[in-house]
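Student: This one is upload_17.cif, mmCIF, C-alpha atoms.
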```cif
data_run
#
loop_
_atom_site.label_atom_id
_atom_site.label_comp_id
_atom_site.auth_asym_id
_atom_site.auth_seq_id
_atom_site.Cartn_x
_atom_site.Cartn_y
_atom_site.Cartn_z
CA MET A 1 73.10 118.85 95.47
CA SER A 2 71.00 121.60 93.96
CA ALA A 3 73.39 123.24 91.52
CA ALA A 4 76.70 122.53 89.86
CA ALA A 5 79.53 124.98 89.37
CA GLY A 6 78.77 127.60 86.77
CA GLY A 7 75.14 127.85 87.83
CA ARG A 8 73.94 124.79 85.93
CA PRO A 9 70.94 123.28 87.74
CA VAL A 10 71.34 119.69 88.82
CA ALA A 11 68.37 117.47 89.49
CA THR A 12 67.75 116.19 92.98
CA THR A 13 66.02 113.00 91.81
CA ALA A 14 67.62 112.14 88.51
CA ALA A 15 65.99 108.74 88.31
CA THR A 16 62.48 110.07 88.72
CA GLY A 17 61.76 112.21 85.70
CA THR A 18 63.59 115.51 86.24
CA ALA A 19 65.39 117.22 83.37
CA ASP A 20 68.77 115.69 84.24
CA GLY A 21 67.16 112.29 84.78
CA GLN A 22 65.56 112.46 81.36
CA GLU A 23 68.86 113.54 79.81
CA ALA A 24 70.69 110.66 81.47
CA ALA A 25 68.05 108.17 80.34
CA PHE A 26 68.35 109.50 76.79
CA LEU A 27 72.16 109.21 76.89
CA LEU A 28 72.01 105.67 78.25
CA ASP A 29 69.53 104.61 75.57
CA ARG A 30 71.63 106.23 72.87
CA THR A 31 74.74 104.52 74.25
CA ARG A 32 73.05 101.14 74.05
CA GLU A 33 72.09 101.81 70.44
CA ALA A 34 75.67 102.75 69.56
CA VAL A 35 77.61 100.25 71.65
CA ASP A 36 75.45 97.11 71.80
CA PRO A 37 76.07 96.10 68.15
CA GLU A 38 79.84 96.38 68.67
CA LEU A 39 79.54 94.59 72.01
CA ARG A 40 77.47 91.79 70.55
CA ARG A 41 79.80 91.34 67.55
CA THR A 42 82.67 91.01 69.99
CA VAL A 43 80.93 88.54 72.30
CA GLU A 44 79.98 86.39 69.32
CA GLN A 45 83.70 85.79 68.76
CA LEU A 46 83.82 83.64 71.90
CA PRO A 47 83.92 79.84 71.56
CA GLY A 48 80.49 78.22 71.72
CA SER A 49 80.20 77.32 75.40
CA MET A 50 81.54 80.64 76.64
CA ARG A 51 79.51 82.56 74.08
CA ARG A 52 76.37 80.96 75.49
CA VAL A 53 77.26 82.03 79.03
CA ALA A 54 78.05 85.57 77.91
CA MET A 55 74.88 85.91 75.83
CA TYR A 56 72.86 84.81 78.86
CA HIS A 57 74.73 87.15 81.20
CA PHE A 58 74.05 90.16 78.95
CA GLY A 59 70.36 89.25 78.75
CA TRP A 60 70.40 88.49 75.02
CA GLU A 61 69.57 84.80 75.44
CA ARG A 62 67.83 82.52 77.89
CA ALA A 63 69.67 79.65 79.52
CA ASP A 64 68.54 77.31 76.72
CA GLY A 65 69.99 79.61 74.07
CA THR A 66 66.70 81.03 72.78
CA PRO A 67 66.56 84.81 72.21
CA SER A 68 65.65 87.03 75.13
CA ALA A 69 65.05 90.73 75.66
CA GLY A 70 66.13 90.74 79.27
CA PRO A 71 67.84 93.70 80.94
CA ALA A 72 71.50 94.08 79.93
CA GLY A 73 72.53 96.64 82.53
CA LYS A 74 72.44 100.43 82.56
CA ALA A 75 75.50 101.02 80.31
CA ILE A 76 76.80 103.72 82.64
CA ARG A 77 80.49 103.14 81.94
CA PRO A 78 80.30 103.14 78.13
CA ALA A 79 78.04 106.18 78.35
CA LEU A 80 80.75 107.95 80.33
CA VAL A 81 83.29 107.11 77.61
CA LEU A 82 81.13 108.68 74.91
CA ALA A 83 80.05 111.68 77.00
CA ALA A 84 83.65 112.39 78.03
CA ALA A 85 84.77 112.35 74.40
CA GLN A 86 82.11 114.90 73.53
CA ALA A 87 82.80 117.06 76.58
CA VAL A 88 86.37 117.77 75.46
CA GLY A 89 85.38 118.44 71.86
CA GLY A 90 85.61 115.00 70.26
CA HIS A 91 83.10 112.78 68.50
CA ALA A 92 81.36 110.02 70.43
CA GLY A 93 81.34 107.77 67.38
CA ASP A 94 85.15 107.62 67.41
CA ALA A 95 85.13 106.05 70.88
CA VAL A 96 82.57 103.26 70.39
CA ARG A 97 85.19 100.50 70.44
CA ALA A 98 86.66 101.91 73.63
CA ALA A 99 83.18 102.07 75.16
CA ALA A 100 82.56 98.43 74.27
CA ALA A 101 85.91 97.45 75.75
CA VAL A 102 85.05 99.16 79.03
CA GLU A 103 81.68 97.39 79.17
CA LEU A 104 83.34 94.03 78.55
CA ALA A 105 85.83 94.69 81.34
CA HIS A 106 83.01 95.73 83.67
CA ASN A 107 81.06 92.55 82.95
CA PHE A 108 84.18 90.48 83.55
CA THR A 109 84.12 91.89 87.08
CA LEU A 110 80.39 91.17 87.48
CA LEU A 111 80.75 87.52 86.53
CA HIS A 112 83.61 87.13 89.01
CA ASP A 113 81.92 89.19 91.76
CA ASP A 114 78.79 87.05 91.60
CA ILE A 115 80.92 83.95 92.19
CA ILE A 116 82.98 85.52 94.98
CA ASP A 117 79.89 86.92 96.74
CA GLU A 118 77.82 83.80 96.01
CA ASP A 119 75.07 86.03 94.64
CA ALA A 120 72.23 83.96 93.23
CA ARG A 121 70.48 86.73 91.28
CA ARG A 122 71.45 89.63 89.05
CA ARG A 123 69.11 91.87 87.05
CA GLY A 124 66.12 89.91 88.30
CA ARG A 125 67.19 86.42 87.20
CA PRO A 126 69.65 83.67 88.24
CA THR A 127 73.31 84.61 87.96
CA ALA A 128 75.40 82.91 85.28
CA TRP A 129 77.39 80.76 87.70
CA THR A 130 74.21 79.30 89.23
CA VAL A 131 73.00 78.32 85.75
CA PHE A 132 76.20 77.19 84.02
CA GLY A 133 78.48 76.40 86.96
CA ILE A 134 81.45 78.21 88.46
CA PRO A 135 84.14 77.09 85.97
CA ASP A 136 82.20 78.22 82.89
CA ALA A 137 81.22 81.57 84.43
CA LEU A 138 84.75 82.19 85.69
CA LEU A 139 86.39 81.39 82.35
CA THR A 140 83.82 83.42 80.43
CA GLY A 141 84.71 86.43 82.56
CA ASP A 142 88.40 85.87 81.81
CA ALA A 143 87.64 85.63 78.09
CA MET A 144 85.57 88.85 78.22
CA LEU A 145 88.53 90.74 79.65
CA SER A 146 90.79 89.34 76.95
CA LEU A 147 88.29 90.42 74.30
CA ALA A 148 88.20 93.93 75.76
CA LEU A 149 91.95 94.30 75.38
CA LYS A 150 91.88 92.64 71.97
CA ARG A 151 89.37 95.18 70.66
CA LEU A 152 91.61 98.02 71.74
CA ALA A 153 94.69 96.32 70.32
CA GLU A 154 92.96 95.98 66.94
CA ASP A 155 91.59 99.53 66.93
CA PRO A 156 93.43 101.70 64.39
CA HIS A 157 92.63 104.87 66.34
CA PRO A 158 95.88 106.59 67.46
CA ALA A 159 94.69 106.67 71.08
CA ALA A 160 94.14 102.88 71.24
CA PRO A 161 97.59 101.89 72.63
CA ALA A 162 97.37 104.40 75.48
CA ALA A 163 93.76 103.34 76.13
CA ALA A 164 94.75 99.66 76.30
CA ALA A 165 97.57 100.42 78.74
CA ARG A 166 95.25 102.49 80.94
CA LEU A 167 92.50 99.87 80.95
CA THR A 168 95.01 97.13 81.82
CA ALA A 169 96.36 99.13 84.76
CA CYS A 170 92.80 99.88 85.86
CA VAL A 171 91.87 96.18 85.92
CA VAL A 172 94.87 95.41 88.13
CA GLU A 173 93.76 98.19 90.49
CA LEU A 174 90.15 97.07 90.67
CA CYS A 175 91.24 93.46 91.28
CA ALA A 176 93.29 94.75 94.21
CA GLY A 177 90.19 96.56 95.44
CA GLN A 178 88.12 93.40 95.18
CA GLN A 179 90.79 91.44 97.04
CA ALA A 180 90.77 94.02 99.83
CA ASP A 181 86.97 93.86 99.98
CA CYS A 182 87.16 90.09 100.48
CA ALA A 183 89.91 90.43 103.08
CA PHE A 184 87.83 92.90 105.08
CA GLU A 185 85.16 90.24 105.64
CA GLU A 186 87.68 88.19 107.63
CA ARG A 187 88.85 91.11 109.76
CA ALA A 188 87.19 92.23 112.97
CA GLU A 189 88.16 95.87 112.46
CA VAL A 190 88.41 97.95 109.28
CA SER A 191 89.00 101.71 109.26
CA LEU A 192 86.97 104.14 107.17
CA ASP A 193 90.11 105.24 105.32
CA GLU A 194 90.84 101.64 104.33
CA CYS A 195 87.26 101.17 103.21
CA LEU A 196 87.28 104.36 101.15
CA ALA A 197 90.56 103.35 99.48
CA MET A 198 89.09 99.94 98.67
CA ALA A 199 85.97 101.49 97.14
CA MET A 200 88.03 103.94 95.09
CA ALA A 201 89.98 101.02 93.62
CA LYS A 202 87.07 98.63 93.21
CA THR A 203 84.56 101.09 91.73
CA GLY A 204 86.09 104.52 91.20
CA ALA A 205 88.99 103.27 89.10
CA LEU A 206 86.85 101.93 86.25
CA LEU A 207 84.59 104.97 86.12
CA GLY A 208 87.69 107.14 86.06
CA CYS A 209 89.21 104.99 83.33
CA SER A 210 85.99 105.28 81.30
CA CYS A 211 86.16 109.08 81.37
CA ALA A 212 89.89 109.06 80.64
CA LEU A 213 89.43 106.79 77.61
CA GLY A 214 86.80 109.14 76.22
CA ALA A 215 89.19 112.06 76.61
CA LEU A 216 92.03 110.10 74.99
CA TYR A 217 89.90 109.28 71.98
CA ALA A 218 89.00 112.95 71.65
CA GLY A 219 92.67 113.88 71.47
CA ALA A 220 92.80 115.61 74.85
CA GLY A 221 96.15 116.44 76.45
CA PRO A 222 97.62 114.68 79.51
CA GLU A 223 96.25 117.21 82.02
CA GLU A 224 92.72 116.99 80.66
CA VAL A 225 92.90 113.17 80.61
CA GLU A 226 94.02 113.05 84.24
CA ALA A 227 91.32 115.53 85.27
CA MET A 228 88.71 113.37 83.56
CA ASP A 229 90.06 110.32 85.36
CA ALA A 230 89.84 112.17 88.68
CA PHE A 231 86.27 113.25 87.90
CA GLY A 232 85.23 109.66 87.23
CA ARG A 233 86.96 108.37 90.34
CA GLU A 234 85.22 110.84 92.62
CA ALA A 235 81.87 110.19 90.94
CA GLY A 236 82.60 106.48 91.21
CA LEU A 237 83.13 106.71 94.94
CA ALA A 238 79.82 108.56 95.23
CA PHE A 239 78.29 105.78 93.11
CA GLN A 240 79.67 103.14 95.50
CA LEU A 241 78.31 104.94 98.52
CA ILE A 242 74.83 104.96 96.99
CA ASP A 243 75.24 101.35 95.88
CA ASP A 244 76.11 100.39 99.46
CA LEU A 245 72.98 102.12 100.71
CA ILE A 246 70.92 100.22 98.15
CA GLY A 247 72.63 97.00 99.27
CA ILE A 248 71.05 97.53 102.69
CA TRP A 249 67.81 99.38 102.01
CA GLY A 250 67.12 98.71 98.32
CA ASP A 251 63.78 97.34 97.16
CA PRO A 252 64.21 93.70 96.01
CA GLU A 253 61.58 94.35 93.32
CA HIS A 254 64.02 96.78 91.71
CA THR A 255 67.44 95.45 92.76
CA GLY A 256 66.75 91.82 91.86
CA LYS A 257 68.44 90.80 95.13
CA PRO A 258 67.05 89.93 98.59
CA ALA A 259 66.53 92.77 101.06
CA GLY A 260 69.61 93.50 103.13
CA ALA A 261 71.78 91.23 100.95
CA ASP A 262 74.99 93.01 102.00
CA LEU A 263 74.10 92.60 105.67
CA VAL A 264 73.37 88.91 105.28
CA ALA A 265 76.84 88.54 103.74
CA ARG A 266 78.24 90.68 106.61
CA LYS A 267 79.98 92.91 104.09
CA LYS A 268 82.11 95.76 105.40
CA SER A 269 80.38 98.28 103.15
CA LEU A 270 80.93 102.00 103.68
CA PRO A 271 77.75 102.71 105.73
CA VAL A 272 78.47 99.63 107.84
CA VAL A 273 82.08 100.64 108.55
CA ALA A 274 80.94 104.18 109.35
CA ALA A 275 78.52 102.69 111.86
CA LEU A 276 81.02 100.22 113.31
CA THR A 277 83.58 102.99 113.90
CA SER A 278 81.05 105.49 115.26
CA GLY A 279 81.70 104.75 118.93
CA THR A 280 77.94 104.61 119.56
CA PRO A 281 75.82 101.98 121.33
CA ALA A 282 74.17 101.23 117.99
CA GLY A 283 77.61 100.65 116.50
CA GLU A 284 78.40 98.21 119.30
CA GLU A 285 75.09 96.43 118.68
CA LEU A 286 75.97 96.10 114.99
CA ALA A 287 79.42 94.73 115.86
CA ALA A 288 77.79 92.08 118.04
CA LEU A 289 75.42 91.11 115.24
CA TYR A 290 78.31 90.97 112.75
CA ALA A 291 80.26 88.66 115.07
CA GLY A 292 78.33 85.66 113.78
CA PRO A 293 75.95 84.67 110.98
CA LEU A 294 72.83 86.84 110.84
CA ALA A 295 69.53 85.06 111.32
CA PRO A 296 66.65 86.31 109.14
CA ASP A 297 65.23 88.27 112.07
CA ASP A 298 68.61 89.94 112.63
CA VAL A 299 68.77 91.60 109.21
CA GLY A 300 66.24 94.27 110.10
CA ARG A 301 67.94 94.86 113.45
CA ALA A 302 71.31 95.27 111.72
CA ALA A 303 69.90 97.77 109.22
CA LEU A 304 68.35 99.77 112.04
CA ALA A 305 71.64 99.69 113.95
CA VAL A 306 73.51 101.07 110.91
CA GLU A 307 70.99 103.89 110.69
CA ARG A 308 71.00 104.71 114.41
CA ALA A 309 74.80 104.74 114.43
CA GLY A 310 74.77 107.35 111.69
CA GLY A 311 76.03 105.15 108.86
CA ARG A 312 73.17 105.96 106.53
CA ASP A 313 73.40 109.74 107.00
CA TRP A 314 77.20 109.66 106.74
CA ALA A 315 77.07 107.80 103.41
CA GLN A 316 74.50 110.20 101.96
CA VAL A 317 76.46 113.30 103.02
CA HIS A 318 79.76 111.84 101.86
CA ALA A 319 78.28 110.93 98.47
CA ALA A 320 77.25 114.56 97.97
CA ASP A 321 80.71 115.73 99.02
CA ARG A 322 82.40 113.38 96.54
CA MET A 323 80.17 114.65 93.76
CA ALA A 324 81.18 118.22 94.58
CA ARG A 325 84.81 117.14 94.30
CA ALA A 326 84.03 115.42 91.01
CA VAL A 327 82.62 118.65 89.55
CA GLN A 328 85.74 120.53 90.66
CA GLN A 329 87.92 118.00 88.84
CA LEU A 330 85.73 118.16 85.74
CA SER A 331 86.14 121.94 85.59
CA ARG A 332 89.90 121.43 85.14
CA ALA A 333 89.27 119.57 81.88
CA VAL A 334 86.15 121.45 80.78
CA PRO A 335 86.19 125.03 82.13
CA ASP A 336 82.79 125.69 80.57
CA LEU A 337 80.71 123.05 82.32
CA GLY A 338 77.88 123.71 79.89
CA ALA A 339 79.85 121.57 77.42
CA ALA A 340 79.85 118.70 79.92
CA GLY A 341 76.10 118.47 80.42
CA GLY A 342 76.02 114.80 79.50
CA LEU A 343 78.71 113.86 82.00
CA LEU A 344 77.02 115.85 84.77
CA ALA A 345 73.64 114.26 84.00
CA LEU A 346 75.14 110.77 84.13
CA ALA A 347 76.99 111.51 87.37
CA GLU A 348 73.82 112.88 88.92
CA PHE A 349 71.91 109.83 87.74
CA VAL A 350 74.22 107.33 89.43
CA THR A 351 74.33 109.26 92.70
CA ARG A 352 70.60 109.98 92.97
CA ARG A 353 69.35 106.58 91.93
CA THR A 354 67.35 104.47 94.36
CA ARG A 355 67.95 101.06 92.77
#
```
Would it be possible to restate this file's structure as structure tokens?

Tutor:
Amino acid sequence: MSAAAGGRPVATTAATGTADGQEAAFLLDRTREAVDPELRRTVEQLPGSMRRVAMYHFGWERADGTPSAGPAGKAIRPALVLAAAQAVGGHAGDAVRAAAAVELAHNFTLLHDDIIDEDARRRGRPTAWTVFGIPDALLTGDAMLSLALKRLAEDPHPAAPAAAARLTACVVELCAGQQADCAFEERAEVSLDECLAMAMAKTGALLGCSCALGALYAGAGPEEVEAMDAFGREAGLAFQLIDDLIGIWGDPEHTGKPAGADLVARKKSLPVVAALTSGTPAGEELAALYAGPLAPDDVGRAALAVERAGGRDWAQVHAADRMARAVQQLSRAVPDLGAAGGLLALAEFVTRRTR
């Protein structure tokens, strides 16, 4: 994508130093500065054993409880909350609690996803469940979600009740998306429409909710809130498409996970399903490889089969199309897209990243 509606230039490599990439990096850093203190105060309310797991998961402590300055994630979702509030004329500072709640809910999903997917590494170090065990990691995720809703329930802001209701509904939707994702692994055939619906629920819903919460806290009307939600959902689907590409071709030095991790797990990710339903010889080769566990030598063959069957190109083109749809939805809430520069920079960042 070379330009957004309204003539605003959009970077083609937002993670590599262009103007939009620098703006996104600035917004993410500023979000961390604003939200991390609230997030940390909230996490410190957890009982001792769960607090230790959470502090480790966020990168604030090592496994032995000593302080750490490890990576705590990109803060994309809380940044969307704050940027959305500003885009519709509100103040980002009013939505900090909502941003922290969204980040807590997101990390609830990460703790659970790592267990479900049996992922051994996240952000370049062992996942919480491999360090503290499945029960402690699972229960800490549950407690994080409860804390997210508690923070909204305690927030005196007039938008807090509507925000809590929306976040609760969103979590139900994303859990349904995760359940569908797991079910797909046991099925021989999955359609692209099913896979897209799953990704919209699993990933798009929370990004949409993040934007909607920002709009709510800015006092936006129902139509603007729904348009913001739609913007985040479309951008979220683009995000998932890129994430699926990284899950196959990402550099382990940057992802913190083994090369081809999604292929090893035989996940029905979007590029894979596009390849499997392509009707090509390469798609048939991939189906044969996916019929049983992949040996180490098969991972490279599977990745090549996805590419030859058109799965990689399809995902890249579809991600760009979803971002175009996202900009159209954003223009419903913010007719002058110049006021939504932060949101556009963040959306461009997540869909042009390479790790």

Student: Smallest atom-to-atom distance to A:Glu234: which of A:Glu44, A:Asp321, A:Glu173, A:Asp155, using all atoms listed in the file?

Tutor: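 So, comparing all the options, the nearest one is A:Asp321.
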
Student: Using the chain letters and residue numbers of this document, give as a PDB file with C-alpha atoms, in the coordinates of the input the residues selected by the PyMOL selection byres ((chain A and resi 215) around 9).

Tutor:
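Everything below was put into expr.pdb:
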```pdb
ATOM      1  CA  VAL A  81      83.290 107.110  77.610  1.00  0.00           C
ATOM      2  CA  LEU A  82      81.130 108.680  74.910  1.00  0.00           C
ATOM      3  CA  ALA A  84      83.650 112.390  78.030  1.00  0.00           C
ATOM      4  CA  ALA A  85      84.770 112.350  74.400  1.00  0.00           C
ATOM      5  CA  GLN A  86      82.110 114.900  73.530  1.00  0.00           C
ATOM      6  CA  ALA A  87      82.800 117.060  76.580  1.00  0.00           C
ATOM      7  CA  VAL A  88      86.370 117.770  75.460  1.00  0.00           C
ATOM      8  CA  GLY A  89      85.380 118.440  71.860  1.00  0.00           C
ATOM      9  CA  GLY A  90      85.610 115.000  70.260  1.00  0.00           C
ATOM     10  CA  SER A 210      85.990 105.280  81.300  1.00  0.00           C
ATOM     11  CA  CYS A 211      86.160 109.080  81.370  1.00  0.00           C
ATOM     12  CA  ALA A 212      89.890 109.060  80.640  1.00  0.00           C
ATOM     13  CA  LEU A 213      89.430 106.790  77.610  1.00  0.00           C
ATOM     14  CA  GLY A 214      86.800 109.140  76.220  1.00  0.00           C
ATOM     15  CA  LEU A 216      92.030 110.100  74.990  1.00  0.00           C
ATOM     16  CA  TYR A 217      89.900 109.280  71.980  1.00  0.00           C
ATOM     17  CA  ALA A 218      89.000 112.950  71.650  1.00  0.00           C
ATOM     18  CA  GLY A 219      92.670 113.880  71.470  1.00  0.00           C
ATOM     19  CA  ALA A 220      92.800 115.610  74.850  1.00  0.00           C
ATOM     20  CA  GLY A 221      96.150 116.440  76.450  1.00  0.00           C
ATOM     21  CA  GLU A 224      92.720 116.990  80.660  1.00  0.00           C
ATOM     22  CA  VAL A 225      92.900 113.170  80.610  1.00  0.00           C
ATOM     23  CA  MET A 228      88.710 113.370  83.560  1.00  0.00           C
ATOM     24  CA  ASP A 229      90.060 110.320  85.360  1.00  0.00           C
TER      25      ASP A 229
END
```

Student: Applied to the shown file, which residues does the PyMOL selection byres ((chain A and resi 277) around 10) return, written as a ChimeraX atom specification?

Tutor: /A:189-192,272-276,278-280,283-284,287,309,311

Student: With all atoms listed in the file as the basis for distance, which of A:Glu61, A:Asp117, A:Glu253, A:Glu307 is at the shortest distance from A:Cys182?

Tutor: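 Result for the nearest residue to A:Cys182: A:Asp117.
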
Student: With a distance cut-off of 12 Å and only C-alpha atoms, select the neighbouring residues of A:Ala295, excluding the residue or stretch itself and same-chain residues fewer than 3 positions from it, and output the selection as a list in words.

Tutor: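 Everything that qualifies: Gly260, Leu263, Val264, Ala265, Arg266, Leu289, Tyr290, Ala291, Gly292, Asp298, Val299, Gly300, Arg301 and Ala302 of chain A.
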
Student: Find the distance between atom CA of A:Ala326 and atom CA of A:Asp114 and write it in Å to one decimal.

Tutor: 28.9 Å

Student: Tell me which protein, DNA and RNA residues are within 10 Å of A:Leu346, counting only C-alpha atoms, leaving out same-chain ones fewer than 2 positions away, and put them as a VMD selection string.

Tutor: chain A and resid 14 20 to 21 23 to 25 27 to 28 76 to 77 79 to 80 83 235 341 to 344 348 to 352

Student: Check what the PyMOL selection byres ((chain A and resi 244) around 8) selects in the file above and give those residues as a PDB file with C-alpha atoms, keeping the file's coordinate frame.

Tutor:
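Saved result, result-v3.pdb, follows:
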```pdb
ATOM      1  CA  GLN A 240      79.670 103.140  95.500  1.00  0.00           C
ATOM      2  CA  LEU A 241      78.310 104.940  98.520  1.00  0.00           C
ATOM      3  CA  ILE A 242      74.830 104.960  96.990  1.00  0.00           C
ATOM      4  CA  ASP A 243      75.240 101.350  95.880  1.00  0.00           C
ATOM      5  CA  LEU A 245      72.980 102.120 100.710  1.00  0.00           C
ATOM      6  CA  ILE A 246      70.920 100.220  98.150  1.00  0.00           C
ATOM      7  CA  GLY A 247      72.630  97.000  99.270  1.00  0.00           C
ATOM      8  CA  ILE A 248      71.050  97.530 102.690  1.00  0.00           C
ATOM      9  CA  ASP A 262      74.990  93.010 102.000  1.00  0.00           C
ATOM     10  CA  SER A 269      80.380  98.280 103.150  1.00  0.00           C
ATOM     11  CA  LEU A 270      80.930 102.000 103.680  1.00  0.00           C
ATOM     12  CA  PRO A 271      77.750 102.710 105.730  1.00  0.00           C
TER      13      PRO A 271
END
```

Student: Work out how far apart atom CA of A:Ala162 and atom CA of A:Thr203 are and give it in Å to one decimal.

Tutor: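 Answer for the atom CA of A:Ala162 to atom CA of A:Thr203 separation: 21.0 Å.
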